[in-house]
>>> print(open('target-v1.cif').read())   # mmCIF, N, CA and C atoms
data_protein
loop_
_atom_site.label_atom_id
_atom_site.label_comp_id
_atom_site.auth_asym_id
_atom_site.auth_seq_id
_atom_site.Cartn_x
_atom_site.Cartn_y
_atom_site.Cartn_z
N GLN L 1 145.58 -125.69 22.47
CA GLN L 1 144.73 -124.79 21.69
C GLN L 1 144.50 -123.51 22.47
N VAL L 2 144.59 -122.40 21.81
CA VAL L 2 144.40 -121.10 22.43
C VAL L 2 143.06 -120.53 22.00
N GLN L 3 142.32 -120.04 22.95
CA GLN L 3 141.04 -119.39 22.67
C GLN L 3 141.14 -117.93 23.07
N LEU L 4 140.71 -117.07 22.18
CA LEU L 4 140.70 -115.63 22.45
C LEU L 4 139.25 -115.18 22.66
N VAL L 5 139.02 -114.53 23.79
CA VAL L 5 137.67 -114.09 24.13
C VAL L 5 137.66 -112.58 24.24
N GLU L 6 136.88 -111.95 23.40
CA GLU L 6 136.81 -110.49 23.34
C GLU L 6 135.63 -109.98 24.15
N SER L 7 135.76 -108.77 24.64
CA SER L 7 134.65 -108.09 25.27
C SER L 7 134.82 -106.59 25.01
N GLY L 8 133.72 -105.88 25.18
CA GLY L 8 133.74 -104.45 24.91
C GLY L 8 133.10 -104.16 23.57
N GLY L 9 133.38 -103.02 23.03
CA GLY L 9 132.76 -102.61 21.79
C GLY L 9 131.40 -101.98 22.05
N GLY L 10 130.66 -101.75 20.97
CA GLY L 10 129.35 -101.13 21.09
C GLY L 10 129.21 -99.94 20.17
N SER L 11 128.30 -99.05 20.52
CA SER L 11 128.02 -97.89 19.69
C SER L 11 128.32 -96.62 20.45
N VAL L 12 128.84 -95.64 19.75
CA VAL L 12 129.20 -94.38 20.38
C VAL L 12 129.14 -93.28 19.33
N GLN L 13 128.97 -92.06 19.77
CA GLN L 13 129.00 -90.93 18.85
C GLN L 13 130.43 -90.52 18.57
N ALA L 14 130.62 -89.88 17.44
CA ALA L 14 131.95 -89.41 17.07
C ALA L 14 132.52 -88.54 18.18
N GLY L 15 133.80 -88.76 18.45
CA GLY L 15 134.47 -88.05 19.52
C GLY L 15 134.46 -88.80 20.84
N GLY L 16 133.65 -89.84 20.91
CA GLY L 16 133.55 -90.61 22.14
C GLY L 16 134.65 -91.65 22.27
N SER L 17 134.52 -92.46 23.31
CA SER L 17 135.53 -93.47 23.63
C SER L 17 134.89 -94.83 23.86
N LEU L 18 135.64 -95.85 23.53
CA LEU L 18 135.26 -97.23 23.82
C LEU L 18 136.51 -97.99 24.20
N SER L 19 136.32 -99.08 24.91
CA SER L 19 137.46 -99.94 25.22
C SER L 19 137.13 -101.37 24.88
N LEU L 20 138.13 -102.08 24.43
CA LEU L 20 138.03 -103.50 24.11
C LEU L 20 139.01 -104.27 24.96
N SER L 21 138.68 -105.49 25.25
CA SER L 21 139.62 -106.37 25.92
C SER L 21 139.60 -107.74 25.27
N CYS L 22 140.71 -108.43 25.40
CA CYS L 22 140.84 -109.76 24.82
C CYS L 22 141.63 -110.63 25.77
N ALA L 23 141.01 -111.69 26.22
CA ALA L 23 141.67 -112.63 27.13
C ALA L 23 142.05 -113.88 26.37
N ALA L 24 143.26 -114.37 26.62
CA ALA L 24 143.75 -115.59 25.97
C ALA L 24 143.66 -116.74 26.96
N TYR L 25 143.00 -117.81 26.54
CA TYR L 25 142.87 -119.01 27.36
C TYR L 25 143.59 -120.17 26.68
N GLY L 26 144.18 -121.02 27.51
CA GLY L 26 144.94 -122.12 26.96
C GLY L 26 146.42 -121.80 27.03
N HIS L 27 147.22 -122.70 26.53
CA HIS L 27 148.65 -122.50 26.60
C HIS L 27 149.13 -121.64 25.46
N ILE L 28 149.73 -120.51 25.83
CA ILE L 28 150.34 -119.65 24.83
C ILE L 28 151.70 -119.25 25.35
N TYR L 29 152.70 -119.24 24.50
CA TYR L 29 154.04 -118.90 24.92
C TYR L 29 154.08 -117.49 25.49
N SER L 30 154.93 -117.30 26.46
CA SER L 30 154.99 -116.00 27.11
C SER L 30 155.37 -114.89 26.15
N SER L 31 156.16 -115.22 25.15
CA SER L 31 156.52 -114.22 24.14
C SER L 31 155.60 -114.39 22.94
N HIS L 32 154.70 -113.46 22.81
CA HIS L 32 153.79 -113.55 21.67
C HIS L 32 153.25 -112.16 21.36
N TYR L 33 152.69 -112.05 20.22
CA TYR L 33 152.04 -110.82 19.79
C TYR L 33 150.53 -110.98 20.00
N MET L 34 149.94 -109.92 20.50
CA MET L 34 148.48 -109.85 20.55
C MET L 34 148.06 -108.50 20.04
N GLY L 35 146.92 -108.47 19.43
CA GLY L 35 146.49 -107.17 18.92
C GLY L 35 145.12 -107.22 18.29
N TRP L 36 144.81 -106.14 17.62
CA TRP L 36 143.51 -105.97 17.02
C TRP L 36 143.60 -105.69 15.53
N PHE L 37 142.76 -106.38 14.81
CA PHE L 37 142.52 -106.09 13.42
C PHE L 37 141.07 -105.64 13.31
N ARG L 38 140.75 -104.96 12.24
CA ARG L 38 139.36 -104.57 12.03
C ARG L 38 139.00 -104.74 10.56
N GLN L 39 137.72 -104.93 10.37
CA GLN L 39 137.24 -105.12 9.01
C GLN L 39 135.87 -104.47 8.86
N ALA L 40 135.80 -103.51 7.97
CA ALA L 40 134.54 -102.87 7.63
C ALA L 40 133.96 -103.59 6.42
N PRO L 41 132.66 -103.51 6.21
CA PRO L 41 132.05 -104.19 5.06
C PRO L 41 132.70 -103.78 3.75
N GLY L 42 133.04 -104.77 2.95
CA GLY L 42 133.62 -104.49 1.65
C GLY L 42 135.09 -104.15 1.66
N THR L 43 135.73 -104.27 2.81
CA THR L 43 137.16 -103.95 2.90
C THR L 43 137.93 -105.15 3.43
N GLU L 44 139.24 -105.09 3.28
CA GLU L 44 140.09 -106.15 3.82
C GLU L 44 140.33 -105.92 5.31
N ARG L 45 140.63 -107.00 5.98
CA ARG L 45 140.94 -106.91 7.40
C ARG L 45 142.31 -106.22 7.55
N GLU L 46 142.34 -105.21 8.40
CA GLU L 46 143.57 -104.45 8.55
C GLU L 46 144.01 -104.40 10.01
N GLY L 47 145.32 -104.33 10.22
CA GLY L 47 145.85 -104.24 11.56
C GLY L 47 145.64 -102.86 12.14
N VAL L 48 145.31 -102.81 13.41
CA VAL L 48 145.04 -101.55 14.10
C VAL L 48 146.11 -101.27 15.15
N ALA L 49 146.30 -102.21 16.05
CA ALA L 49 147.28 -102.04 17.12
C ALA L 49 147.74 -103.42 17.58
N ILE L 50 149.04 -103.54 17.76
CA ILE L 50 149.64 -104.81 18.13
C ILE L 50 150.61 -104.56 19.29
N ILE L 51 150.70 -105.50 20.21
CA ILE L 51 151.67 -105.41 21.29
C ILE L 51 152.47 -106.70 21.37
N TYR L 52 153.77 -106.56 21.56
CA TYR L 52 154.63 -107.72 21.74
C TYR L 52 154.79 -107.92 23.23
N THR L 53 154.26 -109.01 23.75
CA THR L 53 154.16 -109.17 25.19
C THR L 53 155.51 -109.27 25.89
N ASP L 54 156.53 -109.72 25.17
CA ASP L 54 157.84 -109.89 25.79
C ASP L 54 158.44 -108.55 26.17
N SER L 55 158.37 -107.59 25.27
CA SER L 55 159.01 -106.29 25.49
C SER L 55 158.03 -105.18 25.80
N GLY L 56 156.76 -105.42 25.49
CA GLY L 56 155.77 -104.36 25.64
C GLY L 56 155.75 -103.39 24.48
N SER L 57 156.55 -103.68 23.44
CA SER L 57 156.56 -102.81 22.27
C SER L 57 155.18 -102.79 21.62
N ALA L 58 154.76 -101.60 21.26
CA ALA L 58 153.43 -101.44 20.66
C ALA L 58 153.56 -100.87 19.26
N TYR L 59 152.68 -101.30 18.40
CA TYR L 59 152.65 -100.85 17.02
C TYR L 59 151.23 -100.38 16.71
N TYR L 60 151.15 -99.26 16.01
CA TYR L 60 149.86 -98.68 15.68
C TYR L 60 149.77 -98.37 14.20
N ALA L 61 148.59 -98.58 13.66
CA ALA L 61 148.33 -98.10 12.30
C ALA L 61 148.32 -96.58 12.32
N ASP L 62 148.75 -95.97 11.23
CA ASP L 62 148.81 -94.51 11.17
C ASP L 62 147.45 -93.89 11.46
N SER L 63 146.40 -94.56 11.05
CA SER L 63 145.05 -94.00 11.18
C SER L 63 144.57 -93.90 12.63
N VAL L 64 145.25 -94.59 13.55
CA VAL L 64 144.80 -94.58 14.94
C VAL L 64 145.83 -94.02 15.90
N LYS L 65 147.01 -93.69 15.41
CA LYS L 65 148.05 -93.16 16.28
C LYS L 65 147.57 -91.92 16.99
N GLY L 66 147.85 -91.85 18.29
CA GLY L 66 147.45 -90.72 19.09
C GLY L 66 146.03 -90.80 19.62
N ARG L 67 145.26 -91.78 19.12
CA ARG L 67 143.87 -91.93 19.57
C ARG L 67 143.65 -93.26 20.29
N PHE L 68 144.32 -94.29 19.84
CA PHE L 68 144.17 -95.63 20.43
C PHE L 68 145.40 -95.97 21.25
N THR L 69 145.17 -96.71 22.34
CA THR L 69 146.28 -97.17 23.17
C THR L 69 146.08 -98.64 23.49
N ILE L 70 147.11 -99.43 23.20
CA ILE L 70 147.05 -100.85 23.49
C ILE L 70 147.89 -101.12 24.74
N SER L 71 147.41 -102.01 25.59
CA SER L 71 148.14 -102.34 26.81
C SER L 71 147.90 -103.81 27.15
N GLN L 72 148.62 -104.29 28.12
CA GLN L 72 148.51 -105.70 28.46
C GLN L 72 148.60 -105.93 29.95
N ASP L 73 148.02 -107.02 30.39
CA ASP L 73 148.16 -107.51 31.75
C ASP L 73 148.64 -108.95 31.61
N ASN L 74 149.94 -109.14 31.71
CA ASN L 74 150.50 -110.47 31.47
C ASN L 74 149.99 -111.50 32.47
N ALA L 75 149.76 -111.07 33.69
CA ALA L 75 149.30 -112.01 34.71
C ALA L 75 147.94 -112.59 34.34
N LYS L 76 147.16 -111.80 33.64
CA LYS L 76 145.82 -112.24 33.24
C LYS L 76 145.76 -112.70 31.79
N ASN L 77 146.92 -112.62 31.10
CA ASN L 77 146.94 -112.95 29.67
C ASN L 77 145.85 -112.18 28.93
N THR L 78 145.75 -110.93 29.25
CA THR L 78 144.70 -110.09 28.69
C THR L 78 145.31 -108.85 28.07
N MET L 79 144.74 -108.45 26.97
CA MET L 79 145.19 -107.28 26.25
C MET L 79 144.02 -106.32 26.10
N TYR L 80 144.31 -105.04 26.17
CA TYR L 80 143.27 -104.02 26.14
C TYR L 80 143.52 -103.02 25.02
N LEU L 81 142.44 -102.46 24.52
CA LEU L 81 142.55 -101.38 23.54
C LEU L 81 141.63 -100.25 23.97
N GLN L 82 142.21 -99.13 24.31
CA GLN L 82 141.45 -97.94 24.64
C GLN L 82 141.36 -97.09 23.39
N MET L 83 140.14 -96.79 22.99
CA MET L 83 139.92 -96.03 21.75
C MET L 83 139.27 -94.70 22.11
N ASN L 84 139.97 -93.63 21.85
CA ASN L 84 139.47 -92.29 22.12
C ASN L 84 139.29 -91.51 20.82
N SER L 85 138.57 -90.43 20.91
CA SER L 85 138.34 -89.56 19.73
C SER L 85 137.90 -90.39 18.53
N LEU L 86 136.93 -91.23 18.75
CA LEU L 86 136.50 -92.14 17.69
C LEU L 86 135.86 -91.37 16.54
N LYS L 87 136.06 -91.92 15.36
CA LYS L 87 135.54 -91.33 14.13
C LYS L 87 134.63 -92.34 13.44
N PRO L 88 133.72 -91.85 12.61
CA PRO L 88 132.85 -92.80 11.88
C PRO L 88 133.65 -93.84 11.09
N GLU L 89 134.80 -93.45 10.58
CA GLU L 89 135.61 -94.40 9.81
C GLU L 89 136.25 -95.48 10.67
N ASP L 90 136.12 -95.38 11.98
CA ASP L 90 136.57 -96.47 12.86
C ASP L 90 135.53 -97.58 12.97
N THR L 91 134.37 -97.35 12.41
CA THR L 91 133.31 -98.36 12.45
C THR L 91 133.75 -99.62 11.73
N ALA L 92 133.68 -100.74 12.43
CA ALA L 92 134.14 -102.01 11.85
C ALA L 92 133.91 -103.13 12.87
N MET L 93 134.09 -104.34 12.40
CA MET L 93 134.19 -105.49 13.31
C MET L 93 135.65 -105.57 13.74
N TYR L 94 135.88 -105.61 15.03
CA TYR L 94 137.23 -105.67 15.56
C TYR L 94 137.52 -107.10 16.03
N TYR L 95 138.65 -107.61 15.57
CA TYR L 95 139.05 -108.97 15.88
C TYR L 95 140.34 -108.98 16.69
N CYS L 96 140.32 -109.74 17.75
CA CYS L 96 141.54 -109.98 18.52
C CYS L 96 142.34 -111.08 17.82
N ALA L 97 143.65 -110.93 17.81
CA ALA L 97 144.50 -111.92 17.16
C ALA L 97 145.77 -112.13 17.98
N ALA L 98 146.36 -113.29 17.82
CA ALA L 98 147.59 -113.59 18.54
C ALA L 98 148.47 -114.52 17.72
N ARG L 99 149.78 -114.38 17.90
CA ARG L 99 150.72 -115.31 17.30
C ARG L 99 151.87 -115.49 18.28
N GLU L 100 152.48 -116.62 18.23
CA GLU L 100 153.59 -116.93 19.13
C GLU L 100 154.90 -116.72 18.40
N GLY L 101 155.89 -116.25 19.14
CA GLY L 101 157.21 -116.08 18.56
C GLY L 101 157.38 -114.73 17.90
N TRP L 102 158.65 -114.42 17.64
CA TRP L 102 159.00 -113.12 17.08
C TRP L 102 158.71 -113.06 15.58
N VAL L 103 158.39 -111.86 15.13
CA VAL L 103 158.24 -111.62 13.69
C VAL L 103 158.83 -110.25 13.41
N ALA L 104 159.31 -110.05 12.24
CA ALA L 104 159.91 -108.76 11.88
C ALA L 104 158.88 -107.65 12.05
N PRO L 105 159.31 -106.52 12.58
CA PRO L 105 158.36 -105.40 12.79
C PRO L 105 157.58 -105.02 11.54
N SER L 106 158.19 -105.20 10.39
CA SER L 106 157.48 -104.84 9.15
C SER L 106 156.31 -105.77 8.87
N LEU L 107 156.23 -106.88 9.59
CA LEU L 107 155.19 -107.87 9.31
C LEU L 107 154.14 -107.98 10.42
N VAL L 108 154.24 -107.13 11.43
CA VAL L 108 153.31 -107.31 12.57
C VAL L 108 151.86 -107.06 12.18
N PHE L 109 151.62 -106.32 11.11
CA PHE L 109 150.24 -106.07 10.70
C PHE L 109 149.79 -107.01 9.57
N SER L 110 150.61 -108.02 9.29
CA SER L 110 150.23 -108.98 8.27
C SER L 110 149.36 -110.06 8.91
N ARG L 111 148.10 -110.09 8.54
CA ARG L 111 147.16 -110.99 9.21
C ARG L 111 147.51 -112.46 8.98
N ASP L 112 148.23 -112.76 7.91
CA ASP L 112 148.58 -114.15 7.62
C ASP L 112 149.52 -114.73 8.67
N TYR L 113 150.17 -113.88 9.46
CA TYR L 113 151.11 -114.36 10.47
C TYR L 113 150.44 -114.64 11.80
N TYR L 114 149.14 -114.45 11.87
CA TYR L 114 148.43 -114.69 13.13
C TYR L 114 147.62 -115.97 13.01
N ASN L 115 147.81 -116.85 13.99
CA ASN L 115 147.13 -118.14 13.89
C ASN L 115 146.01 -118.31 14.92
N TYR L 116 145.82 -117.33 15.79
CA TYR L 116 144.71 -117.39 16.72
C TYR L 116 143.85 -116.13 16.54
N TRP L 117 142.55 -116.35 16.48
CA TRP L 117 141.62 -115.24 16.24
C TRP L 117 140.41 -115.35 17.15
N GLY L 118 139.91 -114.19 17.58
CA GLY L 118 138.66 -114.14 18.31
C GLY L 118 137.48 -114.10 17.35
N GLN L 119 136.29 -114.05 17.93
CA GLN L 119 135.07 -114.07 17.12
C GLN L 119 134.73 -112.69 16.56
N GLY L 120 135.28 -111.66 17.15
CA GLY L 120 135.01 -110.31 16.67
C GLY L 120 133.98 -109.60 17.54
N THR L 121 134.14 -108.31 17.63
CA THR L 121 133.18 -107.47 18.36
C THR L 121 132.95 -106.20 17.55
N GLN L 122 131.71 -105.79 17.46
CA GLN L 122 131.36 -104.67 16.59
C GLN L 122 131.59 -103.34 17.29
N VAL L 123 132.19 -102.43 16.57
CA VAL L 123 132.33 -101.04 17.01
C VAL L 123 131.64 -100.16 15.97
N THR L 124 130.70 -99.34 16.42
CA THR L 124 129.96 -98.46 15.53
C THR L 124 130.06 -97.04 16.04
N VAL L 125 130.53 -96.15 15.18
CA VAL L 125 130.69 -94.74 15.53
C VAL L 125 129.79 -93.92 14.62
N SER L 126 128.90 -93.18 15.22
CA SER L 126 127.94 -92.39 14.44
C SER L 126 128.24 -90.90 14.57
N LEU L 127 127.77 -90.15 13.60
CA LEU L 127 127.99 -88.70 13.62
C LEU L 127 127.13 -88.05 14.69
#
>>> encode(input="target-v1.cif", output="structure tokens")
Amino acid sequence: QVQLVESGGGSVQAGGSLSLSCAAYGHIYSSHYMGWFRQAPGTEREGVAIIYTDSGSAYYADSVKGRFTISQDNAKNTMYLQMNSLKPEDTAMYYCAAREGWVAPSLVFSRDYYNYWGQGTQVTVSL
């Protein structure tokens, strides 16, 4: 069983920065996807940034490209998300997710393909 433990998040004014981290505990295959989804009230959970640990390939939602950076520390089985130039529309509950094995790039933001989830951490951006 894999447990994902998130840390970071909080409240910040627009234009500010926050960082999130997610540590994976338990046995997880070395080749896996880890990333962040977010969900604002009344909306569906959407993919934000995903990293494929085998190659380091990163995928970003259009809404965060150029502002968010995902990275990994394989030795620690930990993934990070640096969020800069935050906007009020980035306000949401952010969930860490992971899946083992390869998936087509067109499906990396499909939440149904992720079988491990964290508890979520709140990010609030105010004007």
>>> closest_residue(input="target-v1.cif", among="L:Ser30, L:Gln122, L:Ser85, L:Ser106", to="Ser63 (chain L)", atoms="only C-alpha atoms")
L:Ser85
>>> select_by_dssp(input="target-v1.cif", residues="chain L", states="strand (DSSP E or B)", output="VMD selection string")
chain L and resid 3 to 8 10 to 13 18 to 25 32 to 39 46 to 52 58 to 60 68 to 73 78 to 83 92 to 100 116 to 117 121 to 126
>>> residues_near_point(input="target-v1.cif", point="(159.6, -115.2, 9.9)", cutoff="6.5 Å", atoms="all atoms listed in the file", output="PyMOL selection string")
chain L and resi 102-104
>>> resolve_selection(input="target-v1.cif", expression="the PyMOL selection byres ((chain L and resi 86) around 5)", output="ChimeraX atom specification")
/L:14-16,84-85,87-88
>>> residues_near_point(input="target-v1.cif", point="(134.9, -108.1, 23.6)", cutoff="6 Å", atoms="only N, CA and C atoms", output="list in words")
Val5, Glu6, Ser7, Gly8, Gly9, Leu20, Ser21 and Thr121 of chain L
>>> resolve_selection(input="target-v1.cif", expression="the PyMOL selection byres ((chain L and resi 32-41) around 6)", output="PDB file with N, CA and C atoms, keeping the file's coordinate frame")
ATOM      1  N   TYR L  29     152.700-119.240  24.500  1.00  0.00           N
ATOM      2  CA  TYR L  29     154.040-118.900  24.920  1.00  0.00           C
ATOM      3  C   TYR L  29     154.080-117.490  25.490  1.00  0.00           C
ATOM      4  N   SER L  30     154.930-117.300  26.460  1.00  0.00           N
ATOM      5  CA  SER L  30     154.990-116.000  27.110  1.00  0.00           C
ATOM      6  C   SER L  30     155.370-114.890  26.150  1.00  0.00           C
ATOM      7  N   SER L  31     156.160-115.220  25.150  1.00  0.00           N
ATOM      8  CA  SER L  31     156.520-114.220  24.140  1.00  0.00           C
ATOM      9  C   SER L  31     155.600-114.390  22.940  1.00  0.00           C
ATOM     10  N   GLY L  42     133.040-104.770   2.950  1.00  0.00           N
ATOM     11  CA  GLY L  42     133.620-104.490   1.650  1.00  0.00           C
ATOM     12  C   GLY L  42     135.090-104.150   1.660  1.00  0.00           C
ATOM     13  N   THR L  43     135.730-104.270   2.810  1.00  0.00           N
ATOM     14  CA  THR L  43     137.160-103.950   2.900  1.00  0.00           C
ATOM     15  C   THR L  43     137.930-105.150   3.430  1.00  0.00           C
ATOM     16  N   GLU L  44     139.240-105.090   3.280  1.00  0.00           N
ATOM     17  CA  GLU L  44     140.090-106.150   3.820  1.00  0.00           C
ATOM     18  C   GLU L  44     140.330-105.920   5.310  1.00  0.00           C
ATOM     19  N   ARG L  45     140.630-107.000   5.980  1.00  0.00           N
ATOM     20  CA  ARG L  45     140.940-106.910   7.400  1.00  0.00           C
ATOM     21  C   ARG L  45     142.310-106.220   7.550  1.00  0.00           C
ATOM     22  N   GLU L  46     142.340-105.210   8.400  1.00  0.00           N
ATOM     23  CA  GLU L  46     143.570-104.450   8.550  1.00  0.00           C
ATOM     24  C   GLU L  46     144.010-104.400  10.010  1.00  0.00           C
ATOM     25  N   GLY L  47     145.320-104.330  10.220  1.00  0.00           N
ATOM     26  CA  GLY L  47     145.850-104.240  11.560  1.00  0.00           C
ATOM     27  C   GLY L  47     145.640-102.860  12.140  1.00  0.00           C
ATOM     28  N   VAL L  48     145.310-102.810  13.410  1.00  0.00           N
ATOM     29  CA  VAL L  48     145.040-101.550  14.100  1.00  0.00           C
ATOM     30  C   VAL L  48     146.110-101.270  15.150  1.00  0.00           C
ATOM     31  N   ALA L  49     146.300-102.210  16.050  1.00  0.00           N
ATOM     32  CA  ALA L  49     147.280-102.040  17.120  1.00  0.00           C
ATOM     33  C   ALA L  49     147.740-103.420  17.580  1.00  0.00           C
ATOM     34  N   ILE L  50     149.040-103.540  17.760  1.00  0.00           N
ATOM     35  CA  ILE L  50     149.640-104.810  18.130  1.00  0.00           C
ATOM     36  C   ILE L  50     150.610-104.560  19.290  1.00  0.00           C
ATOM     37  N   ILE L  51     150.700-105.500  20.210  1.00  0.00           N
ATOM     38  CA  ILE L  51     151.670-105.410  21.290  1.00  0.00           C
ATOM     39  C   ILE L  51     152.470-106.700  21.370  1.00  0.00           C
ATOM     40  N   TYR L  52     153.770-106.560  21.560  1.00  0.00           N
ATOM     41  CA  TYR L  52     154.630-107.720  21.740  1.00  0.00           C
ATOM     42  C   TYR L  52     154.790-107.920  23.230  1.00  0.00           C
ATOM     43  N   THR L  53     154.260-109.010  23.750  1.00  0.00           N
ATOM     44  CA  THR L  53     154.160-109.170  25.190  1.00  0.00           C
ATOM     45  C   THR L  53     155.510-109.270  25.890  1.00  0.00           C
ATOM     46  N   ASP L  54     156.530-109.720  25.170  1.00  0.00           N
ATOM     47  CA  ASP L  54     157.840-109.890  25.790  1.00  0.00           C
ATOM     48  C   ASP L  54     158.440-108.550  26.170  1.00  0.00           C
ATOM     49  N   THR L  91     134.370 -97.350  12.410  1.00  0.00           N
ATOM     50  CA  THR L  91     133.310 -98.360  12.450  1.00  0.00           C
ATOM     51  C   THR L  91     133.750 -99.620  11.730  1.00  0.00           C
ATOM     52  N   ALA L  92     133.680-100.740  12.430  1.00  0.00           N
ATOM     53  CA  ALA L  92     134.140-102.010  11.850  1.00  0.00           C
ATOM     54  C   ALA L  92     133.910-103.130  12.870  1.00  0.00           C
ATOM     55  N   MET L  93     134.090-104.340  12.400  1.00  0.00           N
ATOM     56  CA  MET L  93     134.190-105.490  13.310  1.00  0.00           C
ATOM     57  C   MET L  93     135.650-105.570  13.740  1.00  0.00           C
ATOM     58  N   TYR L  94     135.880-105.610  15.030  1.00  0.00           N
ATOM     59  CA  TYR L  94     137.230-105.670  15.560  1.00  0.00           C
ATOM     60  C   TYR L  94     137.520-107.100  16.030  1.00  0.00           C
ATOM     61  N   TYR L  95     138.650-107.610  15.570  1.00  0.00           N
ATOM     62  CA  TYR L  95     139.050-108.970  15.880  1.00  0.00           C
ATOM     63  C   TYR L  95     140.340-108.980  16.690  1.00  0.00           C
ATOM     64  N   CYS L  96     140.320-109.740  17.750  1.00  0.00           N
ATOM     65  CA  CYS L  96     141.540-109.980  18.520  1.00  0.00           C
ATOM     66  C   CYS L  96     142.340-111.080  17.820  1.00  0.00           C
ATOM     67  N   ALA L  97     143.650-110.930  17.810  1.00  0.00           N
ATOM     68  CA  ALA L  97     144.500-111.920  17.160  1.00  0.00           C
ATOM     69  C   ALA L  97     145.770-112.130  17.980  1.00  0.00           C
ATOM     70  N   ALA L  98     146.360-113.290  17.820  1.00  0.00           N
ATOM     71  CA  ALA L  98     147.590-113.590  18.540  1.00  0.00           C
ATOM     72  C   ALA L  98     148.470-114.520  17.720  1.00  0.00           C
ATOM     73  N   ARG L  99     149.780-114.380  17.900  1.00  0.00           N
ATOM     74  CA  ARG L  99     150.720-115.310  17.300  1.00  0.00           C
ATOM     75  C   ARG L  99     151.870-115.490  18.280  1.00  0.00           C
ATOM     76  N   GLU L 100     152.480-116.620  18.230  1.00  0.00           N
ATOM     77  CA  GLU L 100     153.590-116.930  19.130  1.00  0.00           C
ATOM     78  C   GLU L 100     154.900-116.720  18.400  1.00  0.00           C
ATOM     79  N   GLY L 101     155.890-116.250  19.140  1.00  0.00           N
ATOM     80  CA  GLY L 101     157.210-116.080  18.560  1.00  0.00           C
ATOM     81  C   GLY L 101     157.380-114.730  17.900  1.00  0.00           C
TER      82      GLY L 101
END
>>> resolve_selection(input="target-v1.cif", expression="the PyMOL selection byres ((chain L and resi 69) around 6)", output="NGL selection string")
:L and (67-68 or 70-71 or 80-83)
>>> build_atoms(input="target-v1.cif", residues="region 74-78 of chain L", atoms="all heavy atoms", output="CSV table (one decimal), keeping the file's coordinate frame")
chain,number,residue,atom,x,y,z
L,74,ASN,N,149.9,-109.1,31.7
L,74,ASN,CA,150.5,-110.5,31.5
L,74,ASN,C,150.0,-111.5,32.5
L,74,ASN,O,149.8,-112.7,32.1
L,74,ASN,CB,152.0,-110.4,31.5
L,74,ASN,CG,152.6,-109.8,30.3
L,74,ASN,OD1,151.9,-109.6,29.3
L,74,ASN,ND2,153.8,-109.3,30.3
L,75,ALA,N,149.8,-111.1,33.7
L,75,ALA,CA,149.3,-112.0,34.7
L,75,ALA,C,147.9,-112.6,34.3
L,75,ALA,O,147.6,-113.7,34.7
L,75,ALA,CB,149.2,-111.3,36.1
L,76,LYS,N,147.2,-111.8,33.6
L,76,LYS,CA,145.8,-112.2,33.2
L,76,LYS,C,145.8,-112.7,31.8
L,76,LYS,O,144.7,-113.1,31.3
L,76,LYS,CB,144.8,-111.1,33.4
L,76,LYS,CG,144.6,-110.7,34.9
L,76,LYS,CD,143.6,-109.6,35.0
L,76,LYS,CE,143.4,-109.1,36.5
L,76,LYS,NZ,142.4,-108.0,36.6
L,77,ASN,N,146.9,-112.6,31.1
L,77,ASN,CA,146.9,-113.0,29.7
L,77,ASN,C,145.8,-112.2,28.9
L,77,ASN,O,145.1,-112.7,28.1
L,77,ASN,CB,146.8,-114.5,29.5
L,77,ASN,CG,148.0,-115.1,29.0
L,77,ASN,OD1,149.0,-114.5,28.7
L,77,ASN,ND2,148.0,-116.4,28.8
L,78,THR,N,145.8,-110.9,29.2
L,78,THR,CA,144.7,-110.1,28.7
L,78,THR,C,145.3,-108.8,28.1
L,78,THR,O,146.3,-108.3,28.6
L,78,THR,CB,143.7,-109.7,29.8
L,78,THR,OG1,143.1,-110.9,30.3
L,78,THR,CG2,142.6,-108.8,29.2
